[in-house]
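To start, the structure itself, in structure tokens.
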Amino acid sequence: MKLSSVVIALAGLSGSATAFTSPAAFTQKATSLQMSDCLSKDVVLSEPNTIEFGKIWDPLGLAELGSDTTVAWMRHAEVKHGRIAMAAFVGWWAVGAGLRFPGELAHGLDFGSIPSAGYEAWDAVPIAGKAQMLILAGIIEIGDEYFFSKNGQHYLRGGTPGKNMVPGLFDPAGLSSMRSEEAKARGRSAEIKNGRLAMIGVMGMYATTQIAGSVPFQPPC
């Protein structure tokens with residue numbers, strides 16, 4: 001089962017769920033967001049430092065098309081996609097380098113028998129394994145929204161876009177509590193930049209698997 005098929009299926013499911021939501025509900029939600037104390041565009045886009053471009057990197061002017069809540073939502077999504085891309089890049093590299101966990105991935109399927117090519121490794125994972133990963137991602141996403149709302153610090157209502165709110169997920173030892181606000185700001189900026197680079201890297205490796213020679217100097221992966 002190809003990754004693209006899984007993505008299409010998830011998009012279809014989300015679209016089906018949206019179809020059962022009344023337009024009035026969307027209008028009410030949009031109105032409540034407009035009345036909230038969301039961070040302004042200028043505050044959200046002030047991070048990360050983009051001095052290498054001399055200004056905010058937005059050649060199409062997309063940030064000007066939406067409201068403050070739209071830009072906050074986009075930043076939250078960007079940070080999450082960047083984290084996933086960083087994990088995917090490291091995982092792709094580790095599999096390609098021949099690193100494997102001991103034991104079995106599934107009954108009768110050893111980790112050692114997984115192909116070294118990243119996309120082939122994903123195809124080798126049983127359907128049940130793919131479903132478990134997607135369900136776990138969904139649980140984390142729902143939990144993140146729940147704890148954001150419970151703590152009254154939702155990223156569309158004045159909270160920090162991209163901040164993880166699931167207890168113990170990324171910082172089980174609570175090390176971030178010992179850092180200064182300046183250090184946290186530098187960490188957020190570095191994370192966004194590294195995430196952007198990882199998204200480019202993952203797309204480059206994906207392009208190489210689909211179109212040979214599409215990425216100069218990139219060996220088969």
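All residue names refer to the structure tokens as shown: chains lettered A, B, ... in order, residues numbered from 1 in each chain, ligands numbered from 1 in order.
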Got a sec: who's within 6 Å of stretch 186-197 of chain A, counting only C-alpha atoms, leaving out chain neighbours fewer than 6 positions off, as JSON, numbers by chain? {"A": [47, 48, 79, 82, 83]}
Given the choices A:Tyr119, A:Tyr155, A:Phe148, A:Phe111, which gets closest to A:Val44 if the distance is worked out from only C-alpha atoms?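 Ranked by minimum distance to A:Val44, first place goes to A:Tyr155.
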DSSP-assigned strand (DSSP E or B) among stretch 37-181 of chain A, expressed as a ChimeraX atom specification: /A:104-106,109-110
What's the 9 Å shell around A:Ile114, counting only C-alpha atoms, without same-chain residues fewer than 6 positions away, as JSON, numbers by chain? {"A": [95, 100, 105, 120, 121, 122, 124, 125]}
For those residues, write N, CA and C atoms to a file as a short mmCIF file (atom, residue, chain, number, x, y, z; two decimals), in the first residue's frame.
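The new file part22.cif reads:
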data_model
loop_
_atom_site.label_atom_id
_atom_site.label_comp_id
_atom_site.auth_asym_id
_atom_site.auth_seq_id
_atom_site.Cartn_x
_atom_site.Cartn_y
_atom_site.Cartn_z
N VAL A 95 17.32 3.90 8.34
CA VAL A 95 17.00 2.67 7.59
C VAL A 95 17.98 2.49 6.44
N ARG A 100 18.83 -1.11 12.52
CA ARG A 100 17.58 -1.82 12.76
C ARG A 100 17.37 -2.06 14.25
N LEU A 105 9.10 -6.68 13.87
CA LEU A 105 8.19 -5.56 13.64
C LEU A 105 6.75 -6.04 13.72
N GLU A 120 10.43 1.77 0.26
CA GLU A 120 10.20 0.33 0.29
C GLU A 120 10.02 -0.16 1.72
N ALA A 121 10.72 0.48 2.66
CA ALA A 121 10.58 0.11 4.07
C ALA A 121 9.16 0.40 4.54
N TRP A 122 8.59 1.54 4.14
CA TRP A 122 7.21 1.86 4.50
C TRP A 122 6.24 0.86 3.89
N ALA A 124 6.77 -2.16 3.31
CA ALA A 124 6.92 -3.46 3.96
C ALA A 124 6.19 -3.54 5.28
N VAL A 125 5.81 -2.41 5.85
CA VAL A 125 5.08 -2.40 7.12
C VAL A 125 3.66 -2.91 6.89
#
Enumerate, as a ChimeraX atom specification, the complete set of residues in stretch 32-146 of chain A that a backbone-based DSSP assignment places in helix (DSSP H, G or I). /A:32-34,41-45,62-64,68-96,111-113,118-124,127-146
Residue among A:Arg179, A:His154, A:Lys184, A:Lys163 lying closest to A:Cys38, counting only C-alpha atoms: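 Checking each of A:Arg179, A:His154, A:Lys184, A:Lys163 against A:Cys38, counting only C-alpha atoms, the winner is A:His154.
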Interatomic distance (Å, one decimal) between atom CA of A:Gly204 and atom CA of A:Ala85: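 Atom-to-atom, atom CA of A:Gly204 and atom CA of A:Ala85 are spaced 11.6 Å apart.
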Could you check how far atom CA of A:Met205 sits from atom CA of A:Gly98, in Å to one decimal? 16.6 Å
Closest to A:Met74 among A:Pro102, A:Ile139, A:Gly162, A:Phe170, using only C-alpha atoms? A:Gly162
Quick one, how far is atom CA of A:Ala117 from atom CA of A:Gly96?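 Straight-line distance from atom CA of A:Ala117 to atom CA of A:Gly96 works out to 5.7 Å.
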